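Just below is one structure, and these are the notes that go with it.
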Amino acid sequence: MSTATEFKRGIREHLGQFSLHVLLVFATGLTIGSERTVVPVLGEEVLGVKSFLVIGSFVVSFGFVKALLNLYAGKWGEEYGRKPVLVLGWATALPLPIILIFAPSWGWITVGNILLGINQALTWSMAINAKIDLAGPDQRGLAVGIDESFGYTGVAVGAWITGVIAGQWNLRPEPFYFLAVVVVLAFLISIFLITETVQYAQAEGDDDHHDANLPFNEVLKRATYGDKTLFAAAQAGHIENFVDTLFWIAVPLYLINRGLGIAAVGVVVGVHSAMYFLQIATGGLADRIGRRPPVIWGMFIAGAGVLGMVFVEGYLPWAVLAAISGLGMALLYPNLMTVPGDAAHPTWRSAGMGVYRMWRDSGYGVGAILIGLSMEFVSAEAAFYMTALLMFISGAVVYVWMEETHPDFGTHEPPAPATEEPGRTVARD
């Protein structure tokens, strides 16, 4: 194992590579944000889709594909390194603008979102793991906060820009020319400017610790149900993505049907995502006060913002409540993700975070189904009520079961092994 001097960690010490990964996660956000405002309206007004459940299908395909690829992205990132997985993620996005421009039916949009799910899983997973590799444990919360804030600022900017373009010209093809430029530039940066970081994680761990080198199936069990704290984080991540799905499917259609113009809808959706920029502050805050308090407050604030949107009328009140729900997400989002980063041994941290991200992003698929059913068979408002209620229940689970995982003053300890397994090595299955 190399010396600590050779693998010195810190954001300042690796500012160049860290900044490139920030730029790439911003591009990842721009990619998904470019669909947020335009695509649901495209389905309804251009492709003639009248069913809310069918419109939600493109998020279902995205969510389940992204969830599955998150699981394996972490595993592949440990086996092959961060950079090859990152490059593969951007390669899969290259056909997406072409599909969105020329899709003759909604089924093609759903296929395109399968590629988007692969892209988001591989690129965002590797971006966050690379930042954690470089930052080290003392700045882990800040690194995650920076990652998520710039990623979701990209979502906001993408939603806003494509909304403006669609308002000035058409729902397609013009907004997706912008998307094509983003994808090509990110692909080239990944190939020619990014360097490998997995060696920093490998140098960080103590391979003799009983929790080191867990086989992949054991990581899956531990991060899913074998540890109450990690289960609390996984279920909260799953449910909080209902909010993100709501702003992707229900909010644009709800506001359009309430008489708001497409450009204004883009601003409301963008304001929600723009609040995620505060994750720089909330991630750093969690490095000082712990992960648990911001997560708990965030779950209830986000739920309250969602609930309030059905009780008001008008552009400004909707924008304010979108911002409140975004503030809640900014509090909980990076700090939920830091929990498995804290709790996992460095030898399986990437895989452990992949399991968390699998359960979190399957919330897109489940949320899209439930939100689509609510809008189809009850009312648009029912989707908001359901999402808020589930956020409150999930927040209560976090309050009861999640222990603090901060490396300096946390109360969480990994479970002791049932039996000693000398010479155990990590399974590369």
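Ligands are numbered from 1 in the order shown, chains are lettered A, B, ... in the order of the structure tokens, and residues start at 1 in each chain.
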
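Every protein or nucleic acid residue with an atom no more than 7 Å from A:Leu86, counting only C-alpha atoms and leaving out same-chain residues fewer than 3 positions away, appears here: Arg82, Lys83, Gly89, Trp90, Leu122, Thr123, Met126 and Ser190 of chain A.
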
Same residues, N, CA, C and O atoms, saved as a PDB file, in the first residue's frame:
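And here is the file that came out, part28.pdb:
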```pdb
ATOM      1  N   ARG A  82     -12.893   4.391 -11.678  1.00  0.00           N
ATOM      2  CA  ARG A  82     -13.986   5.350 -11.879  1.00  0.00           C
ATOM      3  C   ARG A  82     -14.065   5.832 -13.335  1.00  0.00           C
ATOM      4  O   ARG A  82     -15.144   5.985 -13.890  1.00  0.00           O
ATOM      5  N   LYS A  83     -12.906   6.084 -13.953  1.00  0.00           N
ATOM      6  CA  LYS A  83     -12.911   6.718 -15.272  1.00  0.00           C
ATOM      7  C   LYS A  83     -13.571   5.872 -16.353  1.00  0.00           C
ATOM      8  O   LYS A  83     -14.390   6.411 -17.122  1.00  0.00           O
ATOM      9  N   GLY A  89     -20.723   5.958 -19.333  1.00  0.00           N
ATOM     10  CA  GLY A  89     -21.965   6.673 -19.045  1.00  0.00           C
ATOM     11  C   GLY A  89     -22.247   7.783 -20.029  1.00  0.00           C
ATOM     12  O   GLY A  89     -23.391   7.954 -20.491  1.00  0.00           O
ATOM     13  N   TRP A  90     -21.216   8.546 -20.397  1.00  0.00           N
ATOM     14  CA  TRP A  90     -21.442   9.620 -21.369  1.00  0.00           C
ATOM     15  C   TRP A  90     -21.636   9.076 -22.775  1.00  0.00           C
ATOM     16  O   TRP A  90     -22.382   9.660 -23.579  1.00  0.00           O
ATOM     17  N   LEU A 122     -24.379   5.943 -14.282  1.00  0.00           N
ATOM     18  CA  LEU A 122     -22.936   5.761 -14.400  1.00  0.00           C
ATOM     19  C   LEU A 122     -22.173   7.059 -14.173  1.00  0.00           C
ATOM     20  O   LEU A 122     -21.155   7.079 -13.469  1.00  0.00           O
ATOM     21  N   THR A 123     -22.655   8.164 -14.747  1.00  0.00           N
ATOM     22  CA  THR A 123     -21.888   9.404 -14.641  1.00  0.00           C
ATOM     23  C   THR A 123     -22.000  10.015 -13.245  1.00  0.00           C
ATOM     24  O   THR A 123     -20.996  10.445 -12.672  1.00  0.00           O
ATOM     25  N   MET A 126     -20.094   7.858 -10.542  1.00  0.00           N
ATOM     26  CA  MET A 126     -18.638   7.997 -10.598  1.00  0.00           C
ATOM     27  C   MET A 126     -18.191   9.397 -10.208  1.00  0.00           C
ATOM     28  O   MET A 126     -17.137   9.571  -9.579  1.00  0.00           O
ATOM     29  N   SER A 190     -14.516  13.715 -20.359  1.00  0.00           N
ATOM     30  CA  SER A 190     -14.311  12.456 -19.644  1.00  0.00           C
ATOM     31  C   SER A 190     -13.163  11.653 -20.234  1.00  0.00           C
ATOM     32  O   SER A 190     -12.385  11.034 -19.497  1.00  0.00           O
TER      33      SER A 190
END
```

Shell of 8 Å around stretch 7-23 of chain A, only C-alpha atoms, local chain residues under 5 positions omitted, as a list of chain:residue names: A:Ser2, A:Ala127, A:Ala130, A:Lys131, A:Asp133, A:Leu134, A:Ala135, A:Gly136, A:Gln139, A:Ala143, A:Ile146, A:Asp147, A:Phe150, A:Gly151, A:Leu193, A:Ile194, A:Thr195, A:Tyr200, A:Ala203

Members of stretch 114-219 of chain A assigned alpha helix (DSSP H) by DSSP, as an MDAnalysis selection string: chainID A and resid 114:135 140:168 174:192 198:204 216:219

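Using only C-alpha atoms, the nearest neighbour of A:Trp160 within the list A:Val25, A:Ile301, A:Ala180, A:Val267 is A:Val267.
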
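Considering only C-alpha atoms, the residue among A:Asn70, A:Gln120, A:Thr405, A:Glu313 positioned nearest to A:Leu260 is A:Glu313.
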